[in-house]
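Text of input-v6.txt (compact mmCIF, C-alpha atoms and all ligand atoms) as supplied:
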# COMPACT_ATOMS: atom_id res chain seq x y z
CA MET A 520 8.91 27.07 46.01
CA THR A 521 12.14 27.26 48.06
CA SER A 522 15.26 26.95 45.93
CA GLY A 523 18.93 27.48 46.69
CA TYR A 524 19.72 24.05 48.15
CA ASP A 525 22.02 21.74 46.17
CA ILE A 526 20.75 18.74 48.09
CA VAL A 527 17.70 17.87 50.18
CA VAL A 528 18.18 14.83 52.43
CA GLY A 529 15.12 12.87 53.59
CA GLY A 530 15.93 11.25 56.97
CA GLY A 531 18.12 12.74 59.71
CA SER A 532 19.75 9.62 61.12
CA VAL A 533 23.22 8.09 60.74
CA GLY A 534 23.15 7.76 56.92
CA GLY A 535 21.55 11.12 56.10
CA LEU A 536 23.54 13.11 58.67
CA SER A 537 26.88 11.58 57.62
CA PHE A 538 26.05 12.62 54.08
CA ALA A 539 25.17 16.13 55.25
CA ILE A 540 28.46 16.49 57.16
CA GLY A 541 30.51 15.40 54.12
CA ALA A 542 28.60 17.48 51.57
CA ALA A 543 28.22 20.68 53.65
CA SER A 544 31.88 20.66 54.69
CA ARG A 545 32.79 20.58 50.99
CA GLY A 546 30.69 23.69 50.35
CA LEU A 547 27.35 22.29 49.15
CA LYS A 548 24.09 23.80 50.44
CA VAL A 549 22.37 20.93 52.23
CA LEU A 550 18.94 20.69 53.89
CA VAL A 551 18.12 17.66 56.08
CA LEU A 552 14.45 16.91 56.77
CA GLU A 553 13.69 14.53 59.65
CA GLU A 554 10.12 13.50 60.37
CA ASP A 555 10.63 12.82 64.09
CA ASP A 556 10.48 15.84 66.40
CA GLU A 557 13.88 15.16 67.93
CA ILE A 558 17.03 13.78 66.30
CA GLY A 559 17.82 10.31 67.68
CA GLU A 560 14.39 9.80 69.30
CA PRO A 561 12.83 7.33 69.64
CA GLU A 562 16.00 5.21 69.79
CA LYS A 563 15.40 2.04 67.77
CA CYS A 564 18.90 0.62 67.54
CA ASP A 565 21.16 -1.13 70.06
CA GLY A 566 24.31 0.73 69.10
CA LEU A 567 26.79 -2.16 68.92
CA VAL A 568 29.75 -0.98 66.79
CA SER A 569 33.43 -1.54 66.31
CA LEU A 570 35.29 1.63 67.34
CA ARG A 571 38.24 0.57 65.22
CA ALA A 572 36.09 0.59 62.08
CA MET A 573 34.14 3.74 63.01
CA ARG A 574 37.42 5.67 63.29
CA ARG A 575 37.76 5.37 59.50
CA TYR A 576 34.61 7.48 59.09
CA ILE A 577 32.97 9.48 61.91
CA PRO A 578 33.80 7.96 65.32
CA PRO A 579 31.40 8.43 68.23
CA GLU A 580 32.64 10.82 70.90
CA GLU A 581 33.68 9.17 74.19
CA ALA A 582 30.50 10.54 75.83
CA CYS A 583 28.40 8.35 73.50
CA VAL A 584 30.09 5.12 74.65
CA GLN A 585 27.95 3.27 77.20
CA SER A 586 30.04 0.14 77.65
CA ARG A 587 32.79 -2.03 76.16
CA VAL A 588 32.20 -5.57 74.98
CA THR A 589 34.66 -8.16 76.25
CA SER A 590 32.96 -11.43 75.30
CA GLY A 591 30.22 -12.94 73.18
CA VAL A 592 28.18 -16.01 74.06
CA VAL A 593 26.02 -17.98 71.62
CA HIS A 594 23.29 -20.22 73.12
CA SER A 595 22.06 -23.06 70.90
CA PRO A 596 18.44 -24.27 70.88
CA SER A 597 19.24 -27.20 73.21
CA GLY A 598 21.30 -25.04 75.58
CA LEU A 599 24.83 -25.65 74.25
CA VAL A 600 27.05 -22.63 74.65
CA ALA A 601 29.95 -21.23 72.61
CA SER A 602 31.92 -18.34 74.12
CA LEU A 603 34.17 -15.96 72.32
CA ASP A 604 36.79 -13.62 73.71
CA ALA A 605 35.86 -10.27 72.09
CA SER A 606 38.33 -8.07 73.96
CA ARG A 607 40.52 -7.53 70.87
CA PHE A 608 37.62 -6.36 68.66
CA GLU A 609 37.21 -2.91 70.26
CA VAL A 610 33.43 -3.35 70.12
CA VAL A 611 31.43 -0.87 72.16
CA VAL A 612 27.78 -0.16 72.92
CA ILE A 613 26.98 3.42 72.05
CA ASP A 614 24.07 5.62 73.03
CA ARG A 615 22.66 5.74 69.54
CA SER A 616 20.52 8.78 70.24
CA ALA A 617 23.55 10.73 71.55
CA TYR A 618 25.58 9.68 68.47
CA GLU A 619 22.88 11.01 66.13
CA LYS A 620 22.82 14.28 68.07
CA GLN A 621 26.63 14.44 67.69
CA LEU A 622 26.24 13.96 63.90
CA ALA A 623 23.48 16.58 63.68
CA SER A 624 25.59 19.12 65.51
CA MET A 625 28.58 18.36 63.22
CA ALA A 626 26.32 18.78 60.17
CA VAL A 627 25.06 22.15 61.39
CA SER A 628 28.62 23.31 62.21
CA ALA A 629 29.61 22.34 58.66
CA GLY A 630 26.85 24.62 57.32
CA ALA A 631 23.91 22.25 56.76
CA THR A 632 20.36 23.08 57.83
CA VAL A 633 18.60 20.37 59.86
CA LYS A 634 14.82 20.60 60.29
CA THR A 635 12.95 18.18 62.56
CA GLY A 636 9.26 17.32 62.61
CA VAL A 637 9.18 17.57 58.81
CA ARG A 638 8.18 14.61 56.67
CA VAL A 639 9.14 14.26 53.01
CA GLU A 640 5.83 13.44 51.31
CA ALA A 641 6.91 13.05 47.67
CA THR A 642 9.67 13.85 45.19
CA VAL A 643 9.39 14.53 41.46
CA GLU A 644 12.25 14.95 38.97
CA GLU A 645 11.79 17.78 36.49
CA GLY A 646 14.66 18.39 34.02
CA ASP A 647 17.83 19.07 35.95
CA ALA A 648 16.09 19.51 39.31
CA VAL A 649 14.17 17.51 41.92
CA LYS A 650 11.08 18.95 43.56
CA VAL A 651 10.69 17.79 47.15
CA LYS A 652 7.26 18.13 48.76
CA ALA A 653 7.48 18.54 52.55
CA ASP A 654 6.54 21.44 54.89
CA SER A 655 7.17 23.57 51.82
CA ALA A 656 8.09 22.74 48.21
CA TYR A 657 11.87 22.62 47.69
CA SER A 658 13.80 22.56 44.45
CA CYS A 659 17.33 21.10 44.47
CA SER A 660 19.83 19.33 42.22
CA TYR A 661 19.67 15.95 43.98
CA TYR A 662 17.47 14.24 46.57
CA VAL A 663 19.20 11.92 49.06
CA ASP A 664 16.84 9.21 50.31
CA ALA A 665 18.11 8.23 53.77
CA THR A 666 14.73 7.17 55.14
CA GLY A 667 15.97 3.76 56.39
CA PRO A 668 13.38 0.96 56.65
CA VAL A 669 10.76 3.19 54.99
CA GLY A 670 13.02 3.49 51.95
CA ILE A 671 13.92 -0.20 51.73
CA LEU A 672 10.28 -1.23 52.26
CA ARG A 673 9.54 0.11 48.78
CA ARG A 674 12.39 -1.93 47.28
CA ASN A 675 12.70 -5.28 49.10
CA ARG A 676 9.92 -5.69 51.66
CA LEU A 677 10.34 -9.49 51.86
CA ARG A 678 13.69 -9.21 53.61
CA LEU A 679 12.44 -7.01 56.45
CA VAL A 680 12.29 -8.94 59.73
CA PRO A 681 10.00 -7.80 62.59
CA ALA A 682 12.01 -6.97 65.70
CA ALA A 683 11.29 -5.70 69.22
CA LYS A 684 13.76 -4.08 71.55
CA TYR A 685 13.44 -3.24 75.26
CA GLU A 686 15.82 -1.50 77.59
CA ILE A 687 15.60 -3.27 80.93
CA GLN A 688 17.03 -3.35 84.41
CA GLY A 689 18.02 -6.77 85.75
CA ASP A 690 20.70 -8.79 87.50
CA TRP A 691 21.04 -11.90 85.33
CA PHE A 692 23.46 -10.50 82.71
CA ALA A 693 27.09 -9.49 83.11
CA ASP A 694 28.57 -6.18 81.95
CA GLY A 695 30.65 -6.60 78.78
CA GLU A 696 29.08 -9.94 77.82
CA VAL A 697 26.83 -9.90 74.74
CA GLN A 698 24.56 -12.95 74.49
CA VAL A 699 22.81 -14.35 71.44
CA PHE A 700 20.08 -17.02 71.61
CA VAL A 701 19.53 -18.99 68.43
CA ASP A 702 16.40 -21.05 67.85
CA GLN A 703 14.77 -21.43 64.43
CA LYS A 704 11.38 -22.24 65.96
CA LYS A 705 11.24 -19.19 68.22
CA TYR A 706 13.21 -16.71 66.07
CA PRO A 707 13.03 -18.04 62.47
CA GLY A 708 15.99 -16.71 60.47
CA PHE A 709 17.23 -14.48 63.28
CA PHE A 710 17.83 -14.63 67.06
CA ALA A 711 17.23 -13.03 70.45
CA TRP A 712 19.95 -10.93 72.05
CA VAL A 713 21.08 -9.32 75.30
CA ILE A 714 23.47 -6.35 75.15
CA PRO A 715 24.42 -5.01 78.60
CA ARG A 716 25.03 -1.27 78.65
CA GLY A 717 26.30 -0.82 82.21
CA ASN A 718 24.78 -0.08 85.65
CA GLY A 719 22.60 -3.20 85.67
CA THR A 720 20.81 -2.24 82.43
CA ALA A 721 20.69 -4.02 79.08
CA LYS A 722 19.21 -3.73 75.62
CA VAL A 723 17.34 -6.96 74.86
CA GLY A 724 15.68 -7.87 71.61
CA ALA A 725 14.14 -10.57 69.49
CA ALA A 726 13.57 -10.78 65.75
CA GLY A 727 12.41 -13.45 63.32
CA PHE A 728 10.46 -13.88 60.08
CA GLY A 729 6.72 -14.02 60.70
CA ILE A 730 6.85 -13.56 64.49
CA ASN A 731 4.91 -11.23 66.74
CA SER A 732 8.02 -9.46 68.01
CA PHE A 733 6.62 -8.10 71.30
CA LYS A 734 5.08 -11.46 72.25
CA THR A 735 8.30 -13.30 71.35
CA LEU A 736 10.44 -10.95 73.41
CA ASP A 737 8.01 -11.18 76.35
CA SER A 738 8.26 -14.97 76.33
CA PHE A 739 12.08 -14.78 76.09
CA LEU A 740 12.02 -12.64 79.24
CA GLU A 741 9.52 -14.87 81.07
CA GLY A 742 11.12 -16.34 84.18
CA ARG A 743 13.86 -13.70 84.22
CA THR A 744 13.57 -10.85 86.70
CA TYR A 745 13.53 -7.43 85.03
CA ARG A 746 11.97 -3.99 84.93
CA THR A 747 11.20 -2.47 81.53
CA LEU A 748 12.58 1.02 80.92
CA THR A 749 11.68 1.48 77.23
CA ARG A 750 9.93 -0.60 74.61
CA VAL A 751 10.09 -0.21 70.84
CA ALA A 752 9.35 -2.27 67.72
CA ALA A 753 11.15 -1.67 64.41
CA PRO A 754 11.90 -3.90 61.45
CA ILE A 755 15.44 -4.91 60.57
CA TYR A 756 16.65 -5.53 57.03
CA VAL A 757 18.73 -8.51 55.89
CA GLY A 758 18.43 -8.48 52.08
CA GLY A 759 21.80 -6.93 51.16
CA PRO A 760 22.52 -3.87 49.02
CA VAL A 761 20.00 -2.79 46.35
CA GLU A 762 21.10 -2.97 42.71
CA GLU A 763 21.49 0.75 42.07
CA PHE A 764 22.41 3.35 44.70
CA VAL A 765 21.78 6.17 42.23
CA SER A 766 18.68 6.45 40.10
CA GLY A 767 18.22 9.67 38.10
CA ARG A 768 18.50 12.49 40.63
CA THR A 769 17.82 10.30 43.67
CA ILE A 770 20.71 8.96 45.70
CA LEU A 771 20.08 6.17 48.22
CA VAL A 772 22.13 6.16 51.40
CA GLY A 773 22.23 3.79 54.41
CA GLU A 774 19.49 1.23 55.02
CA SER A 775 17.50 2.73 52.14
CA ALA A 776 20.28 1.41 49.87
CA GLY A 777 20.38 -1.91 51.77
CA GLN A 778 23.73 -1.00 53.36
CA VAL A 779 23.09 -3.28 56.35
CA LYS A 780 24.84 -6.57 57.20
CA PRO A 781 22.72 -9.45 55.86
CA THR A 782 23.80 -11.61 58.83
CA THR A 783 23.19 -9.57 62.00
CA ALA A 784 21.47 -6.50 60.44
CA GLY A 785 24.16 -4.23 61.89
CA GLY A 786 24.10 -1.09 59.78
CA ILE A 787 25.65 1.83 61.65
CA LEU A 788 29.16 1.53 60.17
CA SER A 789 28.08 0.71 56.61
CA SER A 790 25.45 3.50 56.61
CA VAL A 791 27.87 6.11 57.95
CA ALA A 792 30.32 4.88 55.30
CA GLY A 793 27.56 5.13 52.66
CA GLY A 794 26.74 8.72 53.63
CA SER A 795 30.40 9.77 53.79
CA ILE A 796 31.38 8.15 50.48
CA ALA A 797 28.26 9.44 48.67
CA ALA A 798 28.95 13.00 49.88
CA ARG A 799 32.41 13.00 48.31
CA TRP A 800 31.24 11.77 44.88
CA VAL A 801 28.14 13.99 44.78
CA THR A 802 30.27 17.06 45.52
CA GLU A 803 32.75 16.09 42.78
CA SER A 804 29.93 15.47 40.35
CA ILE A 805 28.22 18.81 41.02
CA GLY A 806 31.56 20.66 41.04
CA SER A 807 32.59 19.36 37.64
CA ALA A 808 29.05 19.18 36.19
CA ASP A 809 29.68 15.53 35.35
CA PRO A 810 26.79 13.26 36.49
CA SER A 811 28.76 10.13 35.53
CA LEU A 812 30.99 10.75 38.59
CA LEU A 813 28.01 9.77 40.80
CA LEU A 814 28.70 6.15 39.88
CA GLY A 815 31.94 6.39 41.85
CA TYR A 816 29.83 6.27 45.04
CA GLN A 817 28.50 2.75 44.48
CA ARG A 818 31.88 1.59 43.11
CA GLU A 819 33.75 2.79 46.22
CA TRP A 820 31.20 1.49 48.75
CA THR A 821 31.17 -1.89 46.99
CA LYS A 822 34.97 -2.04 46.95
CA GLU A 823 34.91 -1.61 50.72
CA PHE A 824 31.95 -3.83 51.67
CA GLY A 825 30.85 -5.75 48.55
CA ASP A 826 32.77 -9.04 48.94
CA GLU A 827 31.99 -9.29 52.63
CA PHE A 828 28.29 -8.53 52.19
CA ARG A 829 28.07 -11.15 49.41
CA THR A 830 29.58 -13.77 51.74
CA MET A 831 27.23 -12.67 54.54
CA LYS A 832 24.28 -13.05 52.17
CA ARG A 833 25.37 -16.61 51.36
CA LEU A 834 25.79 -17.41 55.06
CA ARG A 835 22.31 -16.05 55.73
CA HIS A 836 20.84 -18.17 52.95
CA MET A 837 22.47 -21.24 54.52
CA TYR A 838 21.45 -20.22 58.03
CA GLU A 839 17.78 -19.95 57.06
CA SER A 840 17.85 -23.56 55.85
CA LEU A 841 19.26 -24.96 59.11
CA SER A 842 17.20 -26.89 61.64
CA ASN A 843 17.69 -26.64 65.40
CA PRO A 844 19.75 -29.89 65.56
CA ASP A 845 22.00 -28.48 62.76
CA ILE A 846 22.53 -25.33 64.82
CA ASP A 847 23.37 -27.43 67.89
CA ARG A 848 26.11 -29.14 65.89
CA ILE A 849 27.52 -25.83 64.63
CA VAL A 850 27.50 -24.23 68.09
CA SER A 851 29.26 -27.30 69.41
CA ALA A 852 31.96 -26.89 66.69
CA LEU A 853 32.26 -23.15 67.45
CA GLY A 854 32.68 -23.96 71.12
CA SER A 855 35.91 -25.88 70.49
CA LYS A 856 38.99 -24.17 71.90
CA ARG A 857 40.76 -24.15 68.52
CA VAL A 858 37.91 -22.43 66.64
CA SER A 859 37.10 -19.91 69.36
CA GLU A 860 40.79 -18.94 69.61
CA ARG A 861 40.86 -18.35 65.85
CA LEU A 862 37.61 -16.38 65.91
CA ALA A 863 38.96 -14.14 68.66
CA LYS A 864 41.66 -12.96 66.24
CA THR A 865 39.24 -11.93 63.47
CA ASP A 866 37.27 -8.76 62.68
CA PHE A 867 33.83 -7.73 63.99
CA ASP A 868 32.72 -6.04 60.77
CA PHE A 869 34.21 -8.48 58.34
CA HIS A 870 33.03 -11.54 60.26
CA ALA A 871 31.67 -13.67 57.42
CA THR A 872 35.00 -14.45 55.76
CA ALA A 873 36.61 -14.58 59.19
CA PHE A 874 34.04 -17.12 60.38
CA ILE A 875 34.78 -19.45 57.47
CA SER A 876 38.55 -19.16 57.79
CA ALA A 877 38.34 -19.65 61.57
CA LEU A 878 36.52 -22.94 61.11
CA GLY A 879 39.59 -24.28 59.31
CA ALA A 880 39.54 -27.17 56.82
CA LYS A 881 38.04 -29.70 59.23
CA GLY A 882 35.38 -27.32 60.53
CA THR A 883 34.45 -26.20 57.01
CA LEU A 884 33.96 -29.84 55.95
CA GLN A 885 31.80 -30.40 59.04
CA LEU A 886 29.76 -27.27 58.19
CA ALA A 887 29.45 -28.37 54.56
CA SER A 888 28.07 -31.76 55.61
CA ILE A 889 25.51 -30.08 57.92
CA LEU A 890 24.48 -27.71 55.12
CA LEU A 891 24.24 -30.50 52.58
CA SER A 892 21.92 -32.46 54.83
CA ALA A 893 19.84 -29.29 55.38
CA GLU A 894 19.65 -28.67 51.59
CA ALA A 895 18.76 -32.34 51.00
CA ARG A 896 16.01 -32.13 53.62
CA GLN A 897 14.62 -29.00 51.96
CA ALA A 898 14.73 -30.57 48.51
CA LEU A 899 12.95 -33.69 49.81
CA SER A 900 10.27 -31.67 51.60
CA SER A 901 9.61 -29.58 48.46
CA LEU A 902 9.30 -32.84 46.44
CA ALA A 903 6.88 -34.20 49.00
C1 LIG A 1001 16.12 -3.20 66.98
C2 LIG A 1001 17.31 -2.80 66.16
C3 LIG A 1001 18.59 -2.95 66.68
C4 LIG A 1001 19.72 -2.61 65.90
N1 LIG A 1001 20.95 -2.75 66.46
C5 LIG A 1001 22.05 -2.41 65.75
C6 LIG A 1001 23.34 -2.49 66.33
O1 LIG A 1001 23.49 -2.88 67.50
N2 LIG A 1001 24.41 -2.14 65.58
C7 LIG A 1001 24.27 -1.71 64.28
O2 LIG A 1001 25.29 -1.43 63.61
N3 LIG A 1001 23.06 -1.61 63.71
C8 LIG A 1001 21.94 -1.93 64.40
N4 LIG A 1001 20.70 -1.79 63.84
C9 LIG A 1001 20.61 -1.34 62.44
C10 LIG A 1001 20.78 0.18 62.35
O3 LIG A 1001 19.96 0.81 63.29
C11 LIG A 1001 20.39 0.65 60.93
O4 LIG A 1001 21.06 -0.12 59.98
C12 LIG A 1001 20.78 2.13 60.75
O5 LIG A 1001 20.08 2.91 61.67
C13 LIG A 1001 20.47 2.60 59.35
O6 LIG A 1001 20.67 4.00 59.32
P1 LIG A 1001 19.89 4.94 58.31
O7 LIG A 1001 20.32 6.31 58.59
O8 LIG A 1001 20.02 4.40 56.94
O9 LIG A 1001 18.35 4.73 58.68
P2 LIG A 1001 17.53 5.00 60.09
O10 LIG A 1001 18.50 5.03 61.18
O11 LIG A 1001 16.46 4.02 60.05
O12 LIG A 1001 16.99 6.45 59.84
C14 LIG A 1001 16.00 6.80 58.93
C15 LIG A 1001 15.47 8.15 59.36
O13 LIG A 1001 14.59 8.63 58.36
C16 LIG A 1001 13.46 9.22 58.99
N5 LIG A 1001 12.39 9.19 58.00
C17 LIG A 1001 11.76 8.12 57.49
N6 LIG A 1001 10.88 8.50 56.56
C18 LIG A 1001 10.96 9.85 56.47
C19 LIG A 1001 10.32 10.83 55.66
N7 LIG A 1001 9.42 10.51 54.73
N8 LIG A 1001 10.66 12.13 55.82
C20 LIG A 1001 11.58 12.50 56.74
N9 LIG A 1001 12.21 11.61 57.55
C21 LIG A 1001 11.92 10.30 57.39
C22 LIG A 1001 13.23 8.34 60.21
O14 LIG A 1001 12.47 8.99 61.21
C23 LIG A 1001 14.67 8.07 60.66
O15 LIG A 1001 15.14 9.04 61.55
C24 LIG A 1001 19.56 -2.11 64.59
C25 LIG A 1001 18.27 -1.93 64.07
C26 LIG A 1001 17.15 -2.27 64.85
C27 LIG A 1001 15.77 -2.05 64.29
Can the structure from this file be put into structure tokens for me?
Amino acid sequence: MTSGYDIVVGGGSVGGLSFAIGAASRGLKVLVLEEDDEIGEPEKCDGLVSLRAMRRYIPPEEACVQSRVTSGVVHSPSGLVASLDASRFEVVVIDRSAYEKQLASMAVSAGATVKTGVRVEATVEEGDAVKVKADSAYSCSYYVDATGPVGILRRNRLRLVPAAKYEIQGDWFADGEVQVFVDQKKYPGFFAWVIPRGNGTAKVGAAGFGINSFKTLDSFLEGRTYRTLTRVAAPIYVGGPVEEFVSGRTILVGESAGQVKPTTAGGILSSVAGGSIAARWVTESIGSADPSLLLGYQREWTKEFGDEFRTMKRLRHMYESLSNPDIDRIVSALGSKRVSERLAKTDFDFHATAFISALGAKGTLQLASILLSAEARQALSSLA
């Protein structure tokens, strides 16, 4: 049995490594165990983040930034288009693998130990310790579960959406312009996307409840000229935060805690925030031998993201009930000059409230009537 660590972290990605940086730099002995052989590989995420928001936690170094996003385009099922000027948002595409390596190196500099190629097999709480079974048996005060989709799978598997992501070379997308393709028949409950990352390359993906993600992405790309560079499938989570971030001596961080936007499944910022906030409260709790201080973690994360995530969850619920003609009507409303000008002044990470306020009174009434007809349709079909 190896003892001497205050914390063992399962999962060496954005959530787990942000935790390790925060806890090790405050003097705790931290061990991170990552099952993949190399930090950041294989890269499963597209790396779209707001630099402005990331600066509040652990910003990516300039070398991680692949390109800057200047506009967003939404394509409706029937081919209507709404464009948005995104130049004020400071949204960038980062090399997610390079960012994770940056975090790992910061964690090690702060004093943490990071082991790769080591899988956490099981954890058991015994008195005031947790036993972690991995390449060896470890005993520590707390276990941080930062295993991402694996962690959330045990808690809310129904809200995991199959997704596929390719990196491609092509000439039919423009640098700086992120495109989203919405169609409830092809991508139920989600969408397909194109995120250019410079030099004629892009990250393209498709996700949707019940789809075969590779097949769906292949048919999205049919008729477009491209060369595939990498290909990966990974689920994305849209169910919102779990009820309790702390349970006994286990602390959930990042996607494992459901800290992922229920709308777009973006989770880099909220997971880095989760790791950073948790580290502060865990250190305080251990330092003053007061376990009740651990509750401060969930309180602080919820103060920062709770309202917005609740609104996003409601928007998602509505979105899943919309038909393709409903979406056409919404995209047409979003395409109006007045709404797109308002949206351009909002916030990338707090987009749910911004979306509703940007619609204005008239737009909100229009949206409400679309939603009411969608709800009525659903009620009628369940009666039938
Ligand atoms: C296709 C796709 C595109 C995305 N695009 C974006 C985007 O553009 N912007 C954005 O903000 N978010 C995006 N996301 C979401 C984002 O990637 C996640 O929300 C974020 O990575 C969550 O971080 P995490 O550290 O909690 O978990 P993960 O990043 O999932 O990391 C979990 C880590 O735990 C390891 N692990 C799992 N089980 C064990 C075990 N038993 N023992 C040891 N290690 C283990 C895994 O190997 C992994 O490294 C995307 C996700 C997907 C799938």
- Message: At a cut-off of 7 Å around ligand LIG 1001 (chain A), and using all atoms listed in the file, what residues come up? Please write them as a PyMOL selection string.
- Response: chain A and resi 529-535+552-555+558-559+563-568+637-640+665-669+682-684+724+752-755+772-775+779+784-788+790
- Item | From A:Thr821, A:Thr802, A:Ser855, A:Ser732, residue lying nearest A:Glu763 [only C-alpha atoms] |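 Checking each candidate against A:Glu763, we get A:Thr821 as the closest.
Distance annotation: of A:Trp691, A:Val588, A:Asp654, A:Asp647, the residue with the minimal separation from A:Arg743 is A:Trp691; atom set is only C-alpha atoms.
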- Find the residue from A:Ser544, A:Ser660, A:Ser606, A:Ser590 that sits nearest to A:Val699; use all atoms listed in the file when measuring.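 Distance minimum relative to A:Val699 lands on A:Ser590.
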Contact table stretch 722-799 of chain A vs stretch 705-713 of chain A, cut-off 8 Å, shortest pair per residue, only C-alpha atoms, as a tab-separated table:
residue	atom	partner	partner_atom	distance
A:Lys722	CA	A:Val713	CA	5.9
A:Val723	CA	A:Val713	CA	4.4
A:Gly724	CA	A:Trp712	CA	5.3
A:Ala725	CA	A:Ala711	CA	4.1
A:Ala726	CA	A:Phe709	CA	5.8
A:Gly727	CA	A:Tyr706	CA	4.3
A:Phe728	CA	A:Pro707	CA	5.4
A:Gly729	CA	A:Pro707	CA	7.7
A:Ile730	CA	A:Tyr706	CA	7.3
A:Thr735	CA	A:Lys705	CA	7.3
A:Leu736	CA	A:Ala711	CA	7.7
A:Phe739	CA	A:Ala711	CA	7.8
A:Thr783	CA	A:Phe709	CA	7.8
- atom CA of A:Tyr576 to atom CA of A:Asp826, straight-line distance in Å: 19.5 Å
- Which residue, A:Tyr756, A:Phe692, A:Tyr661, A:Trp800, has the smallest gap to A:Lys832 when you use all atoms listed in the file? A:Tyr756
Can you report as AutoDock Vina command-line options the centre and edge lengths in Å, to one decimal, of an axis-aligned box around the listed atoms of stretch 732-742 of chain A padded with 5 Å on each side?
--center_x 8.6 --center_y -12.2 --center_z 76.1 --size_x 17.0 --size_y 18.2 --size_z 26.2
